[in-house]
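Following: one structure in structure tokens, then a few remarks.
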Amino acid sequence: MDNGLLKKEMTCTHCASDMNLCKRKDISDSLQWKCPACLLTSSIRRSSIFEKSKLPLRKLMELVYYFGIDLQIYEVEKLSDISHVSVIEWFDQFRIVCKESLTNDPVLLGSNSEHLIEIDESLFGKKRKYHRGTGKQDTWVFGMVEKGSRKVILQIVEKRDRKTLLPIMQENVAEGAHINSDCWAAYNTLEKEGFVHKTVNHSKEFKAQDGTCTNEIEGIWGLAKLKIKSMKGVRHERIGDILNKFCYRYRYGFSNGDVFHKFLKDIAIFNELMNS
């Protein structure tokens with residue numbers, strides 16, 4: 001309640017009176033809301049992300065903590081007696097909270113003229129052996145990172161052409177920002193679009209003679225792919241959720257990915273959005 005995960009005050013849905021918090025020994029939560037006027041009772045989980053769950057609150061807080069410190073599902077199963085299905089369902093729900101937090105706190109890269117923006121595209125997925133298998137197994141992702149600020153945007157794209165990538169940059173990067181990239185043809189008109197653009201030819205060098213490089217976004221790709229690898233495989237349709245979670249941790253977390261206290265605040269905000 002102190003962190004906003006549960007309501008501190010509750011109004012009766014029947015008579016609109018203020019409800020009181022009462023002790024109950026015969027229910028798992030040990031507390032419930034009770035209306036002094038009409039005696040209607042209500043769960044302390046009402047109007048929260050936990051409202052429909054049958055798991056004890058202690059178990060739910062374990063899951064919040066494990067997600068916050070960036071444990072994988074198989075690691076959580078080793079540390080707790082929570083079922084595999086429950087862990088997956090709640091981690092999926094927590095990723096939605098991360099996505100909502102990023103959506104409600106958008107960033108404009110390059111708004112500080114001293115910060116460089118690095119952009120690049122990278123292929124996520126695996127190659128089919130002997131061209132066997134069905135369904136999409138690889139995904140192109142377009143990435144932008146602001147050096148020195150931990151602000152990063154990763155977006156799945158169907159194509160890597162100018163028509164696809166330019167609108168994403170125009171929406172998320174401030175006009176006049178300094179952008180570093182490789183020599184991919186889709187970036188050739190960035191100067192005409194109002195950006196200061198420098199390139200490095202990766203077929204010849206990692207860093208241009210004037211110092212231009214894309215080392216930071218390359219490092220982001222390495223971290224993101226290492227995270228997916230640690231999850232022991234991810235279906236194509238789940239990559240977007242995983243990338244949102246990665247951006248959330250990279251932007252708000254410590255170097256070890258710990259976002260526990262930030263995540264508590266975002267659950268509280270998510271509760272308010274659910275009831276607005």
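The way I read the labels, and the way they are meant: chains A, B, ... in the order of the structure tokens, residue 1 as the first residue of every chain, and ligand 1 as the first ligand shown, with later ones counted on from there.
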
Select from stretch 7-218 of chain A everything DSSP, run on the backbone, classes as helix (DSSP H, G or I), then give the selection as a PDB file with C-alpha atoms, in the first residue's frame.
```
ATOM      1  CA  LEU A  57       0.328 -11.676  -2.128  1.00  0.00           C
ATOM      2  CA  ARG A  58       3.684 -12.881  -0.817  1.00  0.00           C
ATOM      3  CA  LYS A  59       4.149 -14.994  -3.968  1.00  0.00           C
ATOM      4  CA  LEU A  60       3.104 -12.099  -6.178  1.00  0.00           C
ATOM      5  CA  MET A  61       5.660  -9.840  -4.510  1.00  0.00           C
ATOM      6  CA  GLU A  62       8.293 -12.516  -5.048  1.00  0.00           C
ATOM      7  CA  LEU A  63       7.522 -12.410  -8.765  1.00  0.00           C
ATOM      8  CA  VAL A  64       7.703  -8.602  -8.804  1.00  0.00           C
ATOM      9  CA  TYR A  65      11.091  -8.757  -7.106  1.00  0.00           C
ATOM     10  CA  TYR A  66      12.480 -11.480  -9.365  1.00  0.00           C
ATOM     11  CA  PHE A  67      11.353  -9.565 -12.457  1.00  0.00           C
ATOM     12  CA  GLY A  68      12.786  -6.347 -11.050  1.00  0.00           C
ATOM     13  CA  ILE A  73      11.843 -17.638 -15.885  1.00  0.00           C
ATOM     14  CA  TYR A  74      13.841 -20.834 -15.420  1.00  0.00           C
ATOM     15  CA  GLU A  75      15.794 -19.170 -12.608  1.00  0.00           C
ATOM     16  CA  VAL A  76      12.583 -18.112 -10.839  1.00  0.00           C
ATOM     17  CA  GLU A  77      11.277 -21.680 -11.014  1.00  0.00           C
ATOM     18  CA  LYS A  78      14.400 -22.897  -9.221  1.00  0.00           C
ATOM     19  CA  LEU A  79      13.962 -20.370  -6.408  1.00  0.00           C
ATOM     20  CA  HIS A  84       5.724 -22.474 -14.733  1.00  0.00           C
ATOM     21  CA  VAL A  85       2.463 -21.186 -16.226  1.00  0.00           C
ATOM     22  CA  SER A  86       1.995 -18.567 -13.481  1.00  0.00           C
ATOM     23  CA  VAL A  87       5.549 -17.267 -13.861  1.00  0.00           C
ATOM     24  CA  ILE A  88       5.127 -16.908 -17.637  1.00  0.00           C
ATOM     25  CA  GLU A  89       1.729 -15.187 -17.314  1.00  0.00           C
ATOM     26  CA  TRP A  90       2.959 -12.687 -14.749  1.00  0.00           C
ATOM     27  CA  PHE A  91       6.196 -11.911 -16.564  1.00  0.00           C
ATOM     28  CA  ASP A  92       4.109 -11.231 -19.676  1.00  0.00           C
ATOM     29  CA  GLN A  93       1.957  -8.855 -17.616  1.00  0.00           C
ATOM     30  CA  PHE A  94       5.028  -7.138 -16.210  1.00  0.00           C
ATOM     31  CA  ARG A  95       6.382  -6.575 -19.732  1.00  0.00           C
ATOM     32  CA  ILE A  96       3.128  -4.765 -20.527  1.00  0.00           C
ATOM     33  CA  VAL A  97       3.807  -2.493 -17.542  1.00  0.00           C
ATOM     34  CA  CYS A  98       7.293  -1.770 -18.962  1.00  0.00           C
ATOM     35  CA  LYS A  99       5.836  -0.979 -22.383  1.00  0.00           C
ATOM     36  CA  GLU A 100       3.248   1.387 -20.876  1.00  0.00           C
ATOM     37  CA  SER A 101       5.978   3.160 -18.911  1.00  0.00           C
ATOM     38  CA  LEU A 102       8.030   3.755 -22.081  1.00  0.00           C
ATOM     39  CA  THR A 103       4.913   4.911 -23.959  1.00  0.00           C
ATOM     40  CA  ASN A 104       3.979   7.381 -21.229  1.00  0.00           C
ATOM     41  CA  LYS A 129      19.458 -25.028 -41.689  1.00  0.00           C
ATOM     42  CA  TYR A 130      19.116 -26.400 -45.226  1.00  0.00           C
ATOM     43  CA  HIS A 131      16.275 -23.846 -45.710  1.00  0.00           C
ATOM     44  CA  ARG A 162      14.605   5.162 -46.558  1.00  0.00           C
ATOM     45  CA  LYS A 163      10.802   5.201 -46.700  1.00  0.00           C
ATOM     46  CA  THR A 164      10.644   3.038 -43.580  1.00  0.00           C
ATOM     47  CA  LEU A 165      13.523   4.388 -41.484  1.00  0.00           C
ATOM     48  CA  LEU A 166      13.305   8.148 -42.112  1.00  0.00           C
ATOM     49  CA  PRO A 167       9.846   8.662 -40.494  1.00  0.00           C
ATOM     50  CA  ILE A 168      11.058   6.814 -37.386  1.00  0.00           C
ATOM     51  CA  MET A 169      14.042   9.171 -37.122  1.00  0.00           C
ATOM     52  CA  GLN A 170      11.943  12.274 -37.773  1.00  0.00           C
ATOM     53  CA  GLU A 171       9.547  11.258 -35.000  1.00  0.00           C
ATOM     54  CA  ASN A 172      12.169  10.404 -32.375  1.00  0.00           C
ATOM     55  CA  ALA A 185      22.012   3.857 -48.554  1.00  0.00           C
ATOM     56  CA  ALA A 186      18.822   4.664 -46.619  1.00  0.00           C
ATOM     57  CA  TYR A 187      20.764   7.301 -44.646  1.00  0.00           C
ATOM     58  CA  ASN A 215      30.398   1.642 -31.195  1.00  0.00           C
ATOM     59  CA  GLU A 216      27.602   2.411 -28.726  1.00  0.00           C
ATOM     60  CA  ILE A 217      24.724   1.110 -30.843  1.00  0.00           C
ATOM     61  CA  GLU A 218      26.851  -1.912 -31.758  1.00  0.00           C
TER      62      GLU A 218
END
```

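A straight line drawn from atom CA of A:Val107 to atom CA of A:Phe260 is 21.5 Å long.
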
Report task. Please return as a PyMOL selection string: the residues of stretch 144-217 of chain A that backbone DSSP assigns to strand (DSSP E or B). Result -> chain A and resi 144-146+151-157+173+178-181+196-199

Dump of C-alpha atoms for the selected residues, as a PDB file, in the first residue's frame:
```
ATOM      1  CA  MET A 144      18.877   4.642 -32.135  1.00  0.00           C
ATOM      2  CA  VAL A 145      20.889   5.545 -29.032  1.00  0.00           C
ATOM      3  CA  GLU A 146      21.854   8.886 -27.551  1.00  0.00           C
ATOM      4  CA  LYS A 151      18.235   6.779 -23.972  1.00  0.00           C
ATOM      5  CA  VAL A 152      17.674   4.055 -26.541  1.00  0.00           C
ATOM      6  CA  ILE A 153      14.902   3.201 -29.003  1.00  0.00           C
ATOM      7  CA  LEU A 154      14.681  -0.196 -30.715  1.00  0.00           C
ATOM      8  CA  GLN A 155      11.924  -0.751 -33.270  1.00  0.00           C
ATOM      9  CA  ILE A 156      11.075  -3.763 -35.404  1.00  0.00           C
ATOM     10  CA  VAL A 157      10.880  -2.900 -39.111  1.00  0.00           C
ATOM     11  CA  VAL A 173      15.226  12.579 -33.149  1.00  0.00           C
ATOM     12  CA  HIS A 178      24.187  15.065 -34.882  1.00  0.00           C
ATOM     13  CA  ILE A 179      23.796  11.513 -36.212  1.00  0.00           C
ATOM     14  CA  ASN A 180      26.500   8.901 -36.769  1.00  0.00           C
ATOM     15  CA  SER A 181      25.807   5.858 -38.928  1.00  0.00           C
ATOM     16  CA  VAL A 196      24.081  16.763 -39.138  1.00  0.00           C
ATOM     17  CA  HIS A 197      25.215  13.422 -40.510  1.00  0.00           C
ATOM     18  CA  LYS A 198      28.573  11.660 -40.412  1.00  0.00           C
ATOM     19  CA  THR A 199      29.383   8.129 -41.548  1.00  0.00           C
TER      20      THR A 199
END
```

Requested in this report: Compile the contact shell of A:Gly148 as a list in words: residues with an atom at most 10 Å away, counting only C-alpha atoms, same-chain residues fewer than 4 positions apart removed.
Outcome: Glu114, His115, Leu116, Ile117 and Glu216 of chain A

Keeping only C-alpha atoms, write the selected residues to a file as a PDB file, in the first residue's frame.
```pdb
ATOM      1  CA  GLU A 114      26.025  18.053 -27.033  1.00  0.00           C
ATOM      2  CA  HIS A 115      24.797  14.462 -27.361  1.00  0.00           C
ATOM      3  CA  LEU A 116      25.493  12.394 -30.485  1.00  0.00           C
ATOM      4  CA  ILE A 117      22.959   9.945 -31.879  1.00  0.00           C
ATOM      5  CA  GLU A 216      27.602   2.411 -28.726  1.00  0.00           C
TER       6      GLU A 216
END
```

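Straight-line separation from atom CA of A:Cys247 to atom CA of A:Lys207: 25.6 Å.
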
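Of the listed residues A:Cys38, A:Leu123, A:Ile220, A:Leu55, the one whose atoms come nearest to A:Arg251 is A:Ile220, with distances taken using only C-alpha atoms.
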